[in-house]
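Read the structure below first, then the notes.
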Amino acid sequence: ISLVLPLSATVLAAAIAIAVDRHLLFDYFWMCETVLLPSFSRMINLPLERTFWNLLVLAHIPLRVLSLFLYYAKFSSSSISLNRSFLTSLSMLLFLIAGTLDLTFLSLLTVVGERESGILHMVLFICFILSTVSYMSAHLLLSIRCGVRGAKELFSVRLRLFLFFLLIFSVLLLTISFYLFQEYCVAHSYSTFACLEYCTIAMILIYHSTALIDLDFTIKVVNLGAD
């Protein structure tokens with residue numbers, strides 16, 4: 001459920017924006033050029049889209065908190081059995097702090113949109129990305145040191161590594177394109193920024209969806225003896 005809610009919020013907000021508020025989002029003039037594609041932040045700033053986005057994203061936060069502590073308990077248990085090192089302990093602390101900040105900034109980013117304060121929304125977005133990258137870094141390191149025990153876990157780690165570096169690349173290009181638009185108004189730089197924002201959101205959602213790979217669907221039957 002913690003994965004379905006934000007995914008539904010993203011798809012629903014985008015679908016409503018395209019179907020209902022298309023005239024407010026495409027081919028409008030802003031600052032110095034005609035914007036061909038809207039940023040996702042602009043989509044969820046519209047009243048109808050924002051209602052569904054806020055409701056679904058904020059509803060999934062408690063479930064993400066539970067997921068965070070379940071992962072922490074899993075890594076803690078595995079690290080004890082493997083003689084926990086200083087690096088592992090430090091990674092677990094970073095995992096807990098960055099995971100908490102990630103959810104905090106996501107909640108604030110959801111509540112404080114461009115309508116309330118464009119600058120504050122941008123600052124919160126930067127803080128969210130930084131905390132997300134820190135969380136993923138700690139999660140990856142702990143997954144490698146504590147969780148790789150078979151083919152499924154190995155595939156999970158490799159997929160996360162690929163998504164992580166793809167996210168870093170996307171954020172880097174996103175930052176450059178936004179800077180080029182703000183400072184030099186380079187043609188199509190804002191539309192490029194919007195596309196990269198879509199990619200960044202998709203990478204984050206897919207990364208969190210890899211938690212499904214970690215689920216153990218094995219049914220264990222315990223025989224307590226004859227009656």
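Just remember, in the structure tokens the first chain shown is A, the second B, etc., residues are 1-based per chain, and ligands are 1-based in the order shown.
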Find the nearest atom pair between each residue of region 1-95 of chain A and region 134-158 of chain A for residues within 9 Å, count only C-alpha atoms, give distances in Å to one decimal, sort rows by chain and ascending number, and present the table as JSON lines.
```
{"residue": "A:Tyr71", "atom": "CA", "partner": "A:His139", "partner_atom": "CA", "distance": 8.8}
{"residue": "A:Lys74", "atom": "CA", "partner": "A:Gly147", "partner_atom": "CA", "distance": 8.6}
{"residue": "A:Phe75", "atom": "CA", "partner": "A:Cys146", "partner_atom": "CA", "distance": 6.1}
{"residue": "A:Ser76", "atom": "CA", "partner": "A:Cys146", "partner_atom": "CA", "distance": 8.6}
{"residue": "A:Ser77", "atom": "CA", "partner": "A:Cys146", "partner_atom": "CA", "distance": 8.8}
{"residue": "A:Ser78", "atom": "CA", "partner": "A:Cys146", "partner_atom": "CA", "distance": 5.5}
{"residue": "A:Ser79", "atom": "CA", "partner": "A:Cys146", "partner_atom": "CA", "distance": 5.9}
{"residue": "A:Leu82", "atom": "CA", "partner": "A:Cys146", "partner_atom": "CA", "distance": 7.7}
{"residue": "A:Thr88", "atom": "CA", "partner": "A:Leu142", "partner_atom": "CA", "distance": 6.8}
{"residue": "A:Leu90", "atom": "CA", "partner": "A:Ala138", "partner_atom": "CA", "distance": 8.8}
{"residue": "A:Ser91", "atom": "CA", "partner": "A:Ala138", "partner_atom": "CA", "distance": 5.2}
{"residue": "A:Met92", "atom": "CA", "partner": "A:Ala138", "partner_atom": "CA", "distance": 6.9}
{"residue": "A:Leu93", "atom": "CA", "partner": "A:Ala138", "partner_atom": "CA", "distance": 8.7}
{"residue": "A:Leu94", "atom": "CA", "partner": "A:Ala138", "partner_atom": "CA", "distance": 6.2}
{"residue": "A:Phe95", "atom": "CA", "partner": "A:Ala138", "partner_atom": "CA", "distance": 5.1}
```
Residue selection dump (all heavy atoms) as a compact mmCIF listing (two decimals), in the first residue's frame:
```
# COMPACT_ATOMS: atom_id res chain seq x y z
N TYR A 71 12.94 -2.00 7.91
CA TYR A 71 14.24 -2.14 7.26
C TYR A 71 15.37 -1.98 8.29
O TYR A 71 16.36 -2.71 8.27
CB TYR A 71 14.42 -1.11 6.14
CG TYR A 71 14.13 -1.64 4.76
CD1 TYR A 71 13.11 -1.10 3.98
CD2 TYR A 71 14.89 -2.67 4.22
CE1 TYR A 71 12.86 -1.58 2.71
CE2 TYR A 71 14.65 -3.16 2.96
CZ TYR A 71 13.62 -2.61 2.19
OH TYR A 71 13.37 -3.10 0.93
N LYS A 74 15.66 -5.06 10.28
CA LYS A 74 16.25 -6.13 9.47
C LYS A 74 17.77 -5.96 9.36
O LYS A 74 18.52 -6.92 9.58
CB LYS A 74 15.63 -6.11 8.07
CG LYS A 74 16.30 -7.06 7.08
CD LYS A 74 15.76 -6.86 5.68
CE LYS A 74 16.53 -7.71 4.67
NZ LYS A 74 16.05 -7.48 3.29
N PHE A 75 18.21 -4.75 9.06
CA PHE A 75 19.64 -4.49 8.94
C PHE A 75 20.34 -4.64 10.28
O PHE A 75 21.47 -5.13 10.36
CB PHE A 75 19.88 -3.09 8.38
CG PHE A 75 19.49 -2.92 6.94
CD1 PHE A 75 18.85 -1.77 6.50
CD2 PHE A 75 19.76 -3.92 6.00
CE1 PHE A 75 18.50 -1.61 5.18
CE2 PHE A 75 19.38 -3.77 4.68
CZ PHE A 75 18.75 -2.61 4.26
N SER A 76 19.69 -4.21 11.35
CA SER A 76 20.28 -4.31 12.68
C SER A 76 20.48 -5.77 13.08
O SER A 76 21.53 -6.16 13.60
CB SER A 76 19.37 -3.62 13.70
OG SER A 76 19.92 -3.71 14.99
N SER A 77 19.47 -6.59 12.79
CA SER A 77 19.56 -8.02 13.11
C SER A 77 20.66 -8.70 12.31
O SER A 77 21.44 -9.49 12.85
CB SER A 77 18.22 -8.69 12.84
OG SER A 77 18.29 -10.07 13.04
N SER A 78 20.74 -8.37 11.02
CA SER A 78 21.76 -8.99 10.16
C SER A 78 23.17 -8.55 10.55
O SER A 78 24.11 -9.35 10.53
CB SER A 78 21.50 -8.62 8.69
OG SER A 78 20.25 -9.09 8.27
N SER A 79 23.31 -7.26 10.91
CA SER A 79 24.64 -6.74 11.24
C SER A 79 25.18 -7.32 12.54
O SER A 79 26.38 -7.52 12.69
CB SER A 79 24.60 -5.22 11.33
OG SER A 79 23.76 -4.80 12.40
N LEU A 82 26.66 -10.59 11.89
CA LEU A 82 27.88 -10.50 11.07
C LEU A 82 28.98 -9.67 11.73
O LEU A 82 29.92 -9.24 11.08
CB LEU A 82 27.53 -9.88 9.70
CG LEU A 82 26.57 -10.68 8.81
CD1 LEU A 82 26.18 -9.85 7.60
CD2 LEU A 82 27.21 -11.99 8.38
N THR A 88 29.23 0.06 9.27
CA THR A 88 27.85 -0.41 9.26
C THR A 88 27.01 0.37 10.26
O THR A 88 25.88 0.77 9.96
CB THR A 88 27.78 -1.91 9.58
OG1 THR A 88 28.56 -2.64 8.63
CG2 THR A 88 26.34 -2.42 9.54
N LEU A 90 27.58 3.38 11.35
CA LEU A 90 27.43 4.73 10.83
C LEU A 90 26.39 4.77 9.71
O LEU A 90 25.58 5.71 9.64
CB LEU A 90 28.78 5.22 10.29
CG LEU A 90 28.88 6.71 9.91
CD1 LEU A 90 28.63 7.59 11.13
CD2 LEU A 90 30.24 7.00 9.31
N SER A 91 26.39 3.75 8.88
CA SER A 91 25.42 3.66 7.79
C SER A 91 24.00 3.50 8.33
O SER A 91 23.05 4.08 7.78
CB SER A 91 25.75 2.49 6.86
OG SER A 91 27.02 2.64 6.28
N MET A 92 23.85 2.76 9.40
CA MET A 92 22.53 2.57 10.00
C MET A 92 22.01 3.87 10.59
O MET A 92 20.82 4.18 10.49
CB MET A 92 22.58 1.47 11.06
CG MET A 92 22.78 0.09 10.49
SD MET A 92 22.69 -1.21 11.74
CE MET A 92 21.00 -1.02 12.28
N LEU A 93 22.91 4.65 11.20
CA LEU A 93 22.52 5.94 11.74
C LEU A 93 22.10 6.88 10.62
O LEU A 93 21.08 7.59 10.72
CB LEU A 93 23.67 6.54 12.55
CG LEU A 93 23.43 7.90 13.20
CD1 LEU A 93 22.28 7.82 14.20
CD2 LEU A 93 24.70 8.42 13.87
N LEU A 94 22.90 6.91 9.55
CA LEU A 94 22.57 7.74 8.39
C LEU A 94 21.25 7.29 7.76
O LEU A 94 20.43 8.13 7.37
CB LEU A 94 23.69 7.65 7.35
CG LEU A 94 23.44 8.39 6.02
CD1 LEU A 94 23.29 9.88 6.26
CD2 LEU A 94 24.58 8.12 5.04
N PHE A 95 21.04 6.00 7.68
CA PHE A 95 19.81 5.45 7.12
C PHE A 95 18.59 5.95 7.89
O PHE A 95 17.59 6.38 7.29
CB PHE A 95 19.87 3.92 7.16
CG PHE A 95 18.61 3.24 6.72
CD1 PHE A 95 18.32 3.09 5.38
CD2 PHE A 95 17.71 2.73 7.65
CE1 PHE A 95 17.15 2.47 4.96
CE2 PHE A 95 16.54 2.10 7.25
CZ PHE A 95 16.26 1.97 5.89
```
Phe165 (chain A): which residues within 10 Å, counting only C-alpha atoms, same-chain residues fewer than 5 positions away excluded, as JSON, numbers by chain?
{"A": [133, 160, 170, 171, 203]}
Fewer than 2 positions away in the same chain doesn't count, so skip those; otherwise give me all residues within 12 Å of His121 (chain A), counting only C-alpha atoms, as a PyMOL selection string.
chain A and resi 41-42+45+105-119+123-128
How would the residues just chosen look if you wrote them out with N, CA and C atoms as an mmCIF file, in the first residue's frame?
```cif
data_model
loop_
_atom_site.group_PDB
_atom_site.id
_atom_site.type_symbol
_atom_site.label_atom_id
_atom_site.label_comp_id
_atom_site.auth_asym_id
_atom_site.auth_seq_id
_atom_site.Cartn_x
_atom_site.Cartn_y
_atom_site.Cartn_z
ATOM 1 N N SER A 41 5.741 20.103 -10.501
ATOM 2 C CA SER A 41 5.374 21.009 -9.403
ATOM 3 C C SER A 41 4.223 21.916 -9.804
ATOM 4 N N ARG A 42 4.240 22.358 -11.052
ATOM 5 C CA ARG A 42 3.139 23.205 -11.531
ATOM 6 C C ARG A 42 1.844 22.412 -11.629
ATOM 7 N N ASN A 45 0.195 21.982 -8.311
ATOM 8 C CA ASN A 45 -0.161 23.250 -7.699
ATOM 9 C C ASN A 45 -1.583 23.678 -8.067
ATOM 10 N N PHE A 105 10.698 16.144 4.605
ATOM 11 C CA PHE A 105 10.732 17.103 3.499
ATOM 12 C C PHE A 105 9.690 16.774 2.433
ATOM 13 N N LEU A 106 9.387 15.496 2.243
ATOM 14 C CA LEU A 106 8.331 15.126 1.302
ATOM 15 C C LEU A 106 6.984 15.657 1.784
ATOM 16 N N SER A 107 6.730 15.540 3.087
ATOM 17 C CA SER A 107 5.482 16.052 3.657
ATOM 18 C C SER A 107 5.397 17.571 3.505
ATOM 19 N N LEU A 108 6.504 18.260 3.817
ATOM 20 C CA LEU A 108 6.530 19.722 3.702
ATOM 21 C C LEU A 108 6.409 20.161 2.244
ATOM 22 N N LEU A 109 7.060 19.420 1.353
ATOM 23 C CA LEU A 109 7.009 19.730 -0.075
ATOM 24 C C LEU A 109 5.589 19.572 -0.609
ATOM 25 N N THR A 110 4.865 18.628 -0.035
ATOM 26 C CA THR A 110 3.484 18.393 -0.435
ATOM 27 C C THR A 110 2.567 19.521 0.026
ATOM 28 N N VAL A 111 2.787 19.986 1.234
ATOM 29 C CA VAL A 111 1.927 21.031 1.821
ATOM 30 C C VAL A 111 2.271 22.412 1.281
ATOM 31 N N VAL A 112 3.578 22.694 1.154
ATOM 32 C CA VAL A 112 4.027 24.017 0.690
ATOM 33 C C VAL A 112 4.305 23.940 -0.808
ATOM 34 N N GLY A 113 3.350 24.385 -1.606
ATOM 35 C CA GLY A 113 3.514 24.359 -3.051
ATOM 36 C C GLY A 113 4.007 25.692 -3.588
ATOM 37 N N GLU A 114 4.068 25.793 -4.908
ATOM 38 C CA GLU A 114 4.492 27.040 -5.536
ATOM 39 C C GLU A 114 3.535 28.178 -5.214
ATOM 40 N N ARG A 115 2.268 27.823 -4.956
ATOM 41 C CA ARG A 115 1.269 28.839 -4.652
ATOM 42 C C ARG A 115 1.588 29.557 -3.344
ATOM 43 N N GLU A 116 2.061 28.803 -2.342
ATOM 44 C CA GLU A 116 2.391 29.409 -1.056
ATOM 45 C C GLU A 116 3.694 30.198 -1.124
ATOM 46 N N SER A 117 4.726 29.565 -1.669
ATOM 47 C CA SER A 117 6.024 30.232 -1.790
ATOM 48 C C SER A 117 6.891 29.453 -2.776
ATOM 49 N N GLY A 118 7.140 30.085 -3.915
ATOM 50 C CA GLY A 118 7.940 29.415 -4.934
ATOM 51 C C GLY A 118 9.360 29.147 -4.474
ATOM 52 N N ILE A 119 9.952 30.100 -3.768
ATOM 53 C CA ILE A 119 11.335 29.942 -3.292
ATOM 54 C C ILE A 119 11.417 28.852 -2.230
ATOM 55 N N VAL A 123 13.482 25.306 -2.229
ATOM 56 C CA VAL A 123 14.414 24.920 -1.162
ATOM 57 C C VAL A 123 14.034 23.554 -0.592
ATOM 58 N N LEU A 124 12.745 23.335 -0.384
ATOM 59 C CA LEU A 124 12.274 22.053 0.141
ATOM 60 C C LEU A 124 12.529 20.917 -0.851
ATOM 61 N N PHE A 125 12.398 21.224 -2.134
ATOM 62 C CA PHE A 125 12.670 20.216 -3.158
ATOM 63 C C PHE A 125 14.145 19.818 -3.137
ATOM 64 N N ILE A 126 15.027 20.809 -3.003
ATOM 65 C CA ILE A 126 16.467 20.525 -2.925
ATOM 66 C C ILE A 126 16.778 19.679 -1.690
ATOM 67 N N CYS A 127 16.194 20.053 -0.543
ATOM 68 C CA CYS A 127 16.413 19.294 0.696
ATOM 69 C C CYS A 127 15.873 17.872 0.572
ATOM 70 N N PHE A 128 14.735 17.739 -0.101
ATOM 71 C CA PHE A 128 14.156 16.406 -0.317
ATOM 72 C C PHE A 128 15.069 15.534 -1.161
#
```
Atom-to-atom span, CA of Tyr28 (chain A) and CA of Leu205 (chain A), Å:
28.8 Å
Which residues are close to region 206-210 of chain A, i.e. within 10 Å by only C-alpha atoms, leaving aside same-chain residues fewer than 4 positions away? Reply as a list of chain:residue names.
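Those residues are A:Ser2, A:Leu3, A:Val4, A:Leu7, A:Arg64, A:Met136, A:Phe155, A:Ser156, A:Val157, A:Leu159, A:Arg160, A:Leu161, A:Phe162, A:Leu163, A:Phe164, A:Leu167, A:Thr200, A:Ile201, A:Ala202, A:Asp214, A:Leu215.
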